[in-house]
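Novice: Attaching a single structure in structure tokens format; questions to follow.
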Amino acid sequence: MNTLAKGGFNQLLLLLLFLLVTVGKSGFWIMPNLQEQFMISQSLLHNPLPAPESHYLLTNYLQPMLFGWTGGGSLKAYAWYALGTTVLFYVGFVLWYVRRRRISPGSSSSLLAVGVFTVFVTPAYWIGMDGATLLLLFLTMVFLYSRWSILFAVLLAWQHFEHGLVGFLLLAGTLVIMAARGNAPVHLAALRRTGVVLLALFAGKGLLLVFFRLAHLQPAVDLPTLLGTEFPENFRAWTGNWPAILFSLFGTGWLLLLIRARKIWPIFPAVLAAFLFLMLVQDKTRTGTLILFPVIMYALCLNPAFWDFLTPKWLCVLLVVHLVTPTCFFWQQVNGGLWHHSPEIVTRLFKPGASFDDFDGWKPFTQDRFAPTVYTATDLSSSTGQMENGDVVSQPGRPGLLTDGPMAPLSKGAYLARIYYSTDPGPTGQVVGNWDVERAATPRVIQQGNLLSGYHRIAILLFACDRDQDVAIRTYSLGRQRISIDRIEVQQLY
């Protein structure tokens with residue numbers, strides 16, 4: 001018994017070491033849409049978001065809904081909640097893997113294979129909606145042959161239907177190839193259950209849309225902007241960076257795939273299909289790893305032949321390669337490790353009184369690229385505000401245009417702008433104003449959003465220019481309380 005306990009303890013230490021090395025090299029990141037998710041949780045029966053942010057109602061409703069129903073009321077609590085779903089996914093996966101493989105105390109190399117899995121799941125380190133999506137994908141796969149898979153698939157449709165749909169379509173295609181290769185009865189049985197899951201996903205999405213209709217929730221989706229600007233930008237980003245995007249899907253895990261390529265080749269068509277699908281999206285690495293999860297779990301995690309070669313020597317090689325290989329993931333551009341941003345997350349999670357109201361989740365993607373152009377309050381014109389201590393300040397009871405400008409000449413590309421502002425003391429997170437981005441040549445609003453109450457806040461604006469043009473960033477007051485505009489920063493992403 002003592003030997004068994006000692007062996008299990010040693011395995012745990014090795015696993016924690018591997019996880020520390022993996023996450024320690026990459027760092028972690030709180031997703032910038034965390035605030036939008038929190039706003040949904042506080043307004044479940046009313047749409048609190050303008051276009052295009054309101055698409056989060058369609059693509060991420062379950063996680064905020066559960067937070068709101070259980071009484072969650074602060075952005076910091078939501079960050080802990082999102083982190084908890086990621087931890088729950090990883091712990092659940094480890095326990096399932098160890099139990100299924102009946103790992104003995106002496107087979108540390110087999111247990112460390114669980115650690116290797118973290119290399120495949122980059123979103124595991126991204127605190128946001130992906131923890132819940134991974135957890136539901138995992139539970140659907142664990143109970144694939146049970147009726148429970150229908151429940152988890154319906155919940156997945158309420159969490160992120162699109163990721164679930166594409167992921168299980170890729171699994172269905174892989175199962176067809178594996179059935180043609182051999183052991184057809186087993187793979188065809190899995191294919192039938194995958195078909196049930198796909199039907200459950202559509203049923204779940206239908207229920208969500210019916211619920212939205214009954215609750216008079218109407219997410220606004222700007223299709224002209226989506227089709228005319230975002231998709232072309234996403235395609236150009238893919239064609240210009242496809243080697244890095246392909247590498248980022250598995251990172252060091254590519255070494256494992258290539259070593260075992262003769263045994264696992266049926267997954268490569270799914271990898272290729274997922275890779276091509278990424279032409280359509282901005283956040284290519286996290287989307288790719290999420291939609292490939294069902295294929296990875298079925299073809300690799302449930303395949304003893306894939307892991308059995310993994311001796312301690314091979315593990316050492318893998319660790320060394322992982323440490324010397326650059327960290328790479330793609331969102332809008334090729335990005336490296338996140339550790340330059342992680343200490344701020346740690347401080348805000350663990351330091352008493354630390355607030356997320358002014359947290360800027362986009363810093364990892366901008367601080368090493370183009371320098372921002374700063375426009376102070378004196379550079380902006382105002383119709384309803386007045387200058388106070390270097391800020392443009394709105395007056396209660398006077399709604400309307402607060403600041404106009406800067407009329408910034410921008411070249412073709414993607415941009416991030418930050419509006420630094422404060423409001424009167426009181427409840428935070430309430431809508432007190434709006435902002436928009438307007439193209440000057442042929443006046444048209446290309447992006448818009450809300451200004452929320454709180455002290456030292458930052459409004460994040462993401463927009464794209466399809467050609468060289470002048471752009472104005474404007475703010476508006478609803479007249480409910482004082483809004484102080486300090487400055488606006490505009491920074492090119494690529």
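Lettering and numbering for the structure tokens are positional, with chains as A, B, ... in the shown order, residues counted from 1 in each chain, and ligands counted from 1 in the shown order.
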At most 12 Å is the cut-off: for each residue in range 284-342 of chain A with any atom that close to an atom of range 182-201 of chain A, write down the nearest atom pair and the distance in Å rounded to one decimal, counting only C-alpha atoms, chain first then increasing number, as a tab-separated table.
Specialist:
residue	atom	partner	partner_atom	distance
A:Pro294	CA	A:Thr194	CA	10.0
A:Val295	CA	A:Thr194	CA	11.3
A:Tyr298	CA	A:Ala190	CA	9.4
A:Ala299	CA	A:His187	CA	10.4
Novice: Could you take the residues named above and write them with C-alpha atoms, as a compact mmCIF listing (two decimals), in the first residue's frame?
Specialist:
# COMPACT_ATOMS: atom_id res chain seq x y z
CA PRO A 294 -13.35 15.70 -30.67
CA VAL A 295 -10.98 14.25 -33.29
CA TYR A 298 -11.27 9.95 -30.19
CA ALA A 299 -8.28 9.19 -32.40
Novice: Write out as a PyMOL selection string which residues come within 12 Å of Gln386 in chain A when counting only C-alpha atoms, dropping same-chain ones fewer than 2 positions away.
Specialist: chain A and resi 377-378+380-384+388-395+398+401-403+482-485
Novice: Residues of range 386-439 of chain A classed as strand (DSSP E or B) by DSSP on the backbone are to be reported as a ChimeraX atom specification.
Specialist: /A:386-388,391-393,400-404,408-410,413-423,431-439
Novice: Would you save the residues from that selection as a JSON list (two decimals), in the first residue's frame, using N, CA and C atoms?
Specialist:
[["chain", "number", "residue", "atom", "x", "y", "z"],
["A", 386, "GLN", "N", -17.56, 70.22, -21.39],
["A", 386, "GLN", "CA", -16.68, 71.34, -21.13],
["A", 386, "GLN", "C", -15.37, 70.83, -20.55],
["A", 387, "MET", "N", -14.32, 71.62, -20.69],
["A", 387, "MET", "CA", -13.00, 71.22, -20.21],
["A", 387, "MET", "C", -12.89, 71.43, -18.71],
["A", 388, "GLU", "N", -12.45, 70.38, -18.01],
["A", 388, "GLU", "CA", -12.20, 70.45, -16.57],
["A", 388, "GLU", "C", -10.95, 69.64, -16.25],
["A", 391, "ASP", "N", -9.72, 67.27, -18.92],
["A", 391, "ASP", "CA", -10.66, 66.28, -19.46],
["A", 391, "ASP", "C", -11.85, 66.99, -20.09],
["A", 392, "VAL", "N", -12.47, 66.31, -21.06],
["A", 392, "VAL", "CA", -13.78, 66.76, -21.56],
["A", 392, "VAL", "C", -14.83, 66.09, -20.68],
["A", 393, "VAL", "N", -15.67, 66.89, -20.04],
["A", 393, "VAL", "CA", -16.61, 66.37, -19.03],
["A", 393, "VAL", "C", -18.03, 66.68, -19.46],
["A", 400, "GLY", "N", -26.09, 63.85, -25.58],
["A", 400, "GLY", "CA", -25.67, 64.22, -26.92],
["A", 400, "GLY", "C", -24.20, 63.93, -27.16],
["A", 401, "LEU", "N", -23.69, 64.51, -28.25],
["A", 401, "LEU", "CA", -22.30, 64.28, -28.67],
["A", 401, "LEU", "C", -21.35, 64.88, -27.63],
["A", 402, "LEU", "N", -20.53, 64.03, -27.03],
["A", 402, "LEU", "CA", -19.59, 64.50, -26.01],
["A", 402, "LEU", "C", -18.25, 64.89, -26.62],
["A", 403, "THR", "N", -17.65, 64.00, -27.41],
["A", 403, "THR", "CA", -16.40, 64.32, -28.10],
["A", 403, "THR", "C", -16.50, 63.87, -29.55],
["A", 404, "ASP", "N", -15.87, 64.64, -30.41],
["A", 404, "ASP", "CA", -15.83, 64.32, -31.84],
["A", 404, "ASP", "C", -14.37, 64.35, -32.29],
["A", 408, "ALA", "N", -8.62, 60.94, -37.75],
["A", 408, "ALA", "CA", -7.30, 60.34, -37.90],
["A", 408, "ALA", "C", -7.14, 59.73, -39.29],
["A", 409, "PRO", "N", -6.07, 60.07, -40.03],
["A", 409, "PRO", "CA", -5.79, 59.41, -41.31],
["A", 409, "PRO", "C", -5.17, 58.04, -41.06],
["A", 410, "LEU", "N", -5.88, 56.99, -41.40],
["A", 410, "LEU", "CA", -5.43, 55.63, -41.14],
["A", 410, "LEU", "C", -5.20, 54.89, -42.45],
["A", 413, "GLY", "N", -5.79, 48.35, -42.84],
["A", 413, "GLY", "CA", -5.37, 47.40, -41.81],
["A", 413, "GLY", "C", -6.40, 47.28, -40.70],
["A", 414, "ALA", "N", -6.04, 46.55, -39.66],
["A", 414, "ALA", "CA", -6.89, 46.37, -38.49],
["A", 414, "ALA", "C", -6.38, 47.25, -37.35],
["A", 415, "TYR", "N", -7.30, 47.80, -36.58],
["A", 415, "TYR", "CA", -6.94, 48.77, -35.54],
["A", 415, "TYR", "C", -7.62, 48.46, -34.22],
["A", 416, "LEU", "N", -6.97, 48.90, -33.16],
["A", 416, "LEU", "CA", -7.53, 48.86, -31.82],
["A", 416, "LEU", "C", -7.44, 50.26, -31.24],
["A", 417, "ALA", "N", -8.54, 50.74, -30.71],
["A", 417, "ALA", "CA", -8.56, 52.05, -30.07],
["A", 417, "ALA", "C", -9.02, 51.89, -28.63],
["A", 418, "ARG", "N", -8.49, 52.73, -27.76],
["A", 418, "ARG", "CA", -8.87, 52.72, -26.35],
["A", 418, "ARG", "C", -9.34, 54.11, -25.95],
["A", 419, "ILE", "N", -10.51, 54.18, -25.32],
["A", 419, "ILE", "CA", -11.03, 55.43, -24.78],
["A", 419, "ILE", "C", -10.86, 55.36, -23.27],
["A", 420, "TYR", "N", -10.06, 56.25, -22.72],
["A", 420, "TYR", "CA", -9.82, 56.30, -21.28],
["A", 420, "TYR", "C", -10.77, 57.33, -20.67],
["A", 421, "TYR", "N", -11.58, 56.90, -19.71],
["A", 421, "TYR", "CA", -12.60, 57.79, -19.15],
["A", 421, "TYR", "C", -12.97, 57.36, -17.74],
["A", 422, "SER", "N", -13.71, 58.21, -17.05],
["A", 422, "SER", "CA", -14.24, 57.91, -15.72],
["A", 422, "SER", "C", -15.66, 58.44, -15.63],
["A", 423, "THR", "N", -16.43, 57.92, -14.66],
["A", 423, "THR", "CA", -17.77, 58.43, -14.40],
["A", 423, "THR", "C", -17.90, 58.73, -12.91],
["A", 431, "VAL", "N", -24.82, 51.32, -18.36],
["A", 431, "VAL", "CA", -24.60, 52.06, -19.59],
["A", 431, "VAL", "C", -24.91, 53.53, -19.35],
["A", 432, "VAL", "N", -23.90, 54.39, -19.54],
["A", 432, "VAL", "CA", -24.06, 55.83, -19.34],
["A", 432, "VAL", "C", -23.78, 56.62, -20.61],
["A", 433, "GLY", "N", -23.31, 55.95, -21.65],
["A", 433, "GLY", "CA", -23.01, 56.63, -22.90],
["A", 433, "GLY", "C", -22.69, 55.63, -23.99],
["A", 434, "ASN", "N", -22.29, 56.14, -25.15],
["A", 434, "ASN", "CA", -21.97, 55.29, -26.30],
["A", 434, "ASN", "C", -20.75, 55.85, -27.01],
["A", 435, "TRP", "N", -20.19, 55.04, -27.89],
["A", 435, "TRP", "CA", -19.13, 55.48, -28.79],
["A", 435, "TRP", "C", -19.38, 54.88, -30.16],
["A", 436, "ASP", "N", -18.83, 55.48, -31.17],
["A", 436, "ASP", "CA", -18.86, 54.86, -32.50],
["A", 436, "ASP", "C", -17.63, 55.28, -33.28],
["A", 437, "VAL", "N", -17.36, 54.54, -34.33],
["A", 437, "VAL", "CA", -16.27, 54.83, -35.26],
["A", 437, "VAL", "C", -16.90, 55.09, -36.62],
["A", 438, "GLU", "N", -16.61, 56.26, -37.20],
["A", 438, "GLU", "CA", -17.24, 56.64, -38.46],
["A", 438, "GLU", "C", -16.19, 56.87, -39.52],
["A", 439, "ARG", "N", -16.45, 56.31, -40.70],
["A", 439, "ARG", "CA", -15.61, 56.59, -41.86],
["A", 439, "ARG", "C", -16.00, 57.93, -42.45]]
Novice: Got a sec: who's within 6 Å of range 75-79 of chain A, counting only C-alpha atoms, leaving out chain neighbours fewer than 2 positions off, as a VMD selection string?
Specialist: chain A and resid 81 to 82 356
Novice: Quick check for you: according to DSSP on this backbone, which residues of range 55-185 of chain A are classed as alpha helix (DSSP H)? Reply as number ranges by chain.
Specialist: A: 55-59, 62-69, 75-101, 108-120, 130-142, 148-181, 184-185
Novice: Counting only C-alpha atoms, figure out which residue out of A:Leu57, A:Glu162, A:Thr325, A:Ala354 gets nearest to Phe212 in chain A.
Specialist: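 That would be A:Leu57, the residue with the smallest distance to Phe212 in chain A.
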Novice: So that I can see what lies close to range 127-129 of chain A, please list as a list in words the residues with an atom at most 6 Å from it, counting only C-alpha atoms and leaving out residues fewer than 3 positions away in the same chain.
Specialist: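 Here the answer would be Ile30, Met31, Ala82, Leu83 and Ala132 of chain A.
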Novice: Write out, as a JSON list (two decimals), in the first residue's frame, the residues just selected, with C-alpha atoms.
Specialist:
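What follows is the written file part36.json:
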[["chain", "number", "residue", "atom", "x", "y", "z"],
["A", 30, "ILE", "CA", -7.90, 36.65, -19.75],
["A", 31, "MET", "CA", -9.91, 37.00, -22.94],
["A", 82, "ALA", "CA", -14.26, 31.39, -15.96],
["A", 83, "LEU", "CA", -10.93, 30.19, -14.55],
["A", 132, "ALA", "CA", -16.81, 25.84, -20.57]]
Novice: Using only C-alpha atoms, determine which residues lie at most 12 Å from Gly240 in chain A, disregarding the query and same-chain residues fewer than 3 positions distant; provide the list as a PyMOL selection string.
Specialist: chain A and resi 233-237+243-246+279+330+332-334+494
Novice: Please report the interatomic distance between CA of Cys301 in chain A and CA of Gly92 in chain A in Å with one decimal.
Specialist: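 Taking CA of Cys301 in chain A and CA of Gly92 in chain A, their separation equals 13.8 Å.
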Novice: Name the residues in contact with Arg480 in chain A at a cut-off of 8 Å, using only C-alpha atoms, excluding same-chain residues fewer than 3 positions from it; report them as a count of residues only.
Specialist: 5
Novice: Identify which of the residues A:Phe293, A:Phe250, A:Phe463, A:Phe138 lies closest to Leu493 in chain A, counting only C-alpha atoms when measuring atom-to-atom distances.
Specialist: A:Phe463
